[in-house]
Amino acid sequence: MLHEKSGCKSIIIDSESGDVIIKWGEPGSFDPLMMMKLPDVIKAIGRGMNPKKAMSLLDDEMLFELIELKSFVGKKANQQRRIRSRIIGSEGKIRKRIEALTNCEITVYGGTIVIIGDDLGLPMASDAIKSLLNGAEHGPVLKKLEVVRKKQRISSKTIDYIETKETSLGFEHLVPGLSNITERRNRKYKNSQPDINNEEDLEELMSLSDDENIDWSEE
């Protein structure tokens, strides 16, 4: 399944040492992104992640993080066992809650924790798990995740921006054909207006018709 989906030439597993060797074909015969992502898929499977869930790492938007417990509690097995129980919780409730709030896949196995998620969820899950590993209480950590999740949902429903146009169309553009009539009317009106720089137009404008006269008596 890994071979077919990734496009690699072969996957060689040394059953004695546990080493995995991936061989690729000639450049152009495979997706270079797969060369970067396939090792993470194999690491995730090796650290207890369900293979089908680990395969989601081959998608462009999915990311991978591996947290080593020894970085927080040392190499002592009893300390690692204790800290694992804090992440998993009773009947796995804490791990499942973090997965639900971050939309991530989390596997706690041996001395490592594997997280698979997108660029929004993975940092949230990673931060929550590291806070628990450092001794934070479950309540505040989960509450913080709920608040961040709520903000993300609100943000996804808001309008990023409103585009305004410098010029707006009048009512005539809402009725088919009306804009042409308006344009002809405006052109006719413009053509009927006298040119104030033309003496003939001014003389015609100032001349009185037969039924017009000027009365200066009120002056």
# chains A, B, ... in the order shown; residues from 1 in each chain; ligands from 1

$ residues_around --residues "Lys52 of chain A" --least-positions-apart "4" --cutoff "10 Å" --atoms "only C-alpha atoms" --output "PyMOL selection string"
chain A and resi 1-2+41+45+56-57

$ write_last_selection --atoms "C-alpha atoms" --output "PDB file, in the first residue's frame"
ATOM      1  CA  MET A   1       0.000   0.000   0.000  1.00  0.00           C
ATOM      2  CA  LEU A   2       2.820   2.422   0.861  1.00  0.00           C
ATOM      3  CA  VAL A  41       4.560   7.762   7.507  1.00  0.00           C
ATOM      4  CA  ILE A  45       3.554   3.330  11.845  1.00  0.00           C
ATOM      5  CA  SER A  56      -3.044  10.509   5.629  1.00  0.00           C
ATOM      6  CA  LEU A  57       0.423  12.090   5.991  1.00  0.00           C
TER       7      LEU A  57
END

$ closest_atom_pairs --of "segment 115-141 of chain A" --to "segment 92-101 of chain A" --cutoff "9 Å" --atoms "only C-alpha atoms" --output "Markdown table"
| residue | atom | partner | partner_atom | distance |
| --- | --- | --- | --- | --- |
| A:Gly121 | CA | A:Leu101 | CA | 8.1 |
| A:Met124 | CA | A:Leu101 | CA | 8.8 |
| A:Ala125 | CA | A:Ile98 | CA | 6.5 |
| A:Ala128 | CA | A:Ile98 | CA | 7.8 |
| A:Ile129 | CA | A:Ile98 | CA | 8.5 |
| A:His138 | CA | A:Ile94 | CA | 8.0 |

$ write_last_selection --atoms "N, CA and C atoms" --output "short mmCIF file (atom, residue, chain, number, x, y, z; two decimals), in the first residue's frame"
data_model
loop_
_atom_site.label_atom_id
_atom_site.label_comp_id
_atom_site.auth_asym_id
_atom_site.auth_seq_id
_atom_site.Cartn_x
_atom_site.Cartn_y
_atom_site.Cartn_z
N GLY A 121 -4.57 22.42 13.56
CA GLY A 121 -4.80 21.51 14.67
C GLY A 121 -3.54 20.99 15.33
N MET A 124 -1.95 23.13 18.07
CA MET A 124 -2.81 23.15 19.25
C MET A 124 -2.63 21.87 20.06
N ALA A 125 -2.65 20.71 19.37
CA ALA A 125 -2.49 19.44 20.07
C ALA A 125 -1.11 19.32 20.69
N ALA A 128 -0.90 21.45 23.83
CA ALA A 128 -1.66 20.88 24.93
C ALA A 128 -0.93 19.69 25.55
N ILE A 129 -0.39 18.82 24.71
CA ILE A 129 0.32 17.63 25.20
C ILE A 129 1.58 18.04 25.96
N HIS A 138 -5.32 19.02 33.80
CA HIS A 138 -6.11 18.70 32.61
C HIS A 138 -7.16 19.77 32.31
#

$ atom_distance --atom1 "atom CA of Val114 of chain A" --atom2 "atom CA of Val73 of chain A"
17.0 Å

$ residues_around --residues "Ile67 of chain A" --least-positions-apart "2" --cutoff "8 Å" --atoms "only C-alpha atoms" --output "list of chain:residue names"
A:Glu65, A:Leu69, A:Thr112, A:Ile113, A:Val114

$ write_last_selection --atoms "N, CA and C atoms" --output "PDB file, in the first residue's frame"
ATOM      1  N   GLU A  65       4.348  15.188  13.898  1.00  0.00           N
ATOM      2  CA  GLU A  65       5.258  15.549  14.985  1.00  0.00           C
ATOM      3  C   GLU A  65       5.432  14.349  15.907  1.00  0.00           C
ATOM      4  N   LEU A  69       9.214  11.202  25.245  1.00  0.00           N
ATOM      5  CA  LEU A  69       8.922  11.408  26.667  1.00  0.00           C
ATOM      6  C   LEU A  69      10.175  11.635  27.494  1.00  0.00           C
ATOM      7  N   THR A 112       7.240   7.451  23.154  1.00  0.00           N
ATOM      8  CA  THR A 112       6.976   8.529  22.203  1.00  0.00           C
ATOM      9  C   THR A 112       5.483   8.814  22.079  1.00  0.00           C
ATOM     10  N   ILE A 113       5.188   9.995  21.608  1.00  0.00           N
ATOM     11  CA  ILE A 113       3.818  10.394  21.259  1.00  0.00           C
ATOM     12  C   ILE A 113       3.853  10.904  19.821  1.00  0.00           C
ATOM     13  N   VAL A 114       2.989  10.362  18.977  1.00  0.00           N
ATOM     14  CA  VAL A 114       2.920  10.762  17.569  1.00  0.00           C
ATOM     15  C   VAL A 114       1.642  11.562  17.349  1.00  0.00           C
TER      16      VAL A 114
END

$ select_by_dssp --residues "segment 68-167 of chain A" --states "helix (DSSP H, G or I)" --output "PyMOL selection string"
chain A and resi 70-73+77-88+90-102+121-133+138-157

$ atom_distance --atom1 "atom CA of Asp59 of chain A" --atom2 "atom CA of Pro32 of chain A"
13.0 Å

$ residues_around --residues "Glu4 of chain A" --least-positions-apart "2" --cutoff "12 Å" --atoms "only C-alpha atoms" --output "PyMOL selection string"
chain A and resi 1-2+6-11+30+34+38+55+58

$ closest_residue --among "A:Ile83, A:Lys70, A:Ser17, A:His3" --to "Ile42 of chain A" --atoms "only C-alpha atoms"
A:His3

$ atom_distance --atom1 "atom CA of Glu137 of chain A" --atom2 "atom CA of Ile88 of chain A"
13.5 Å
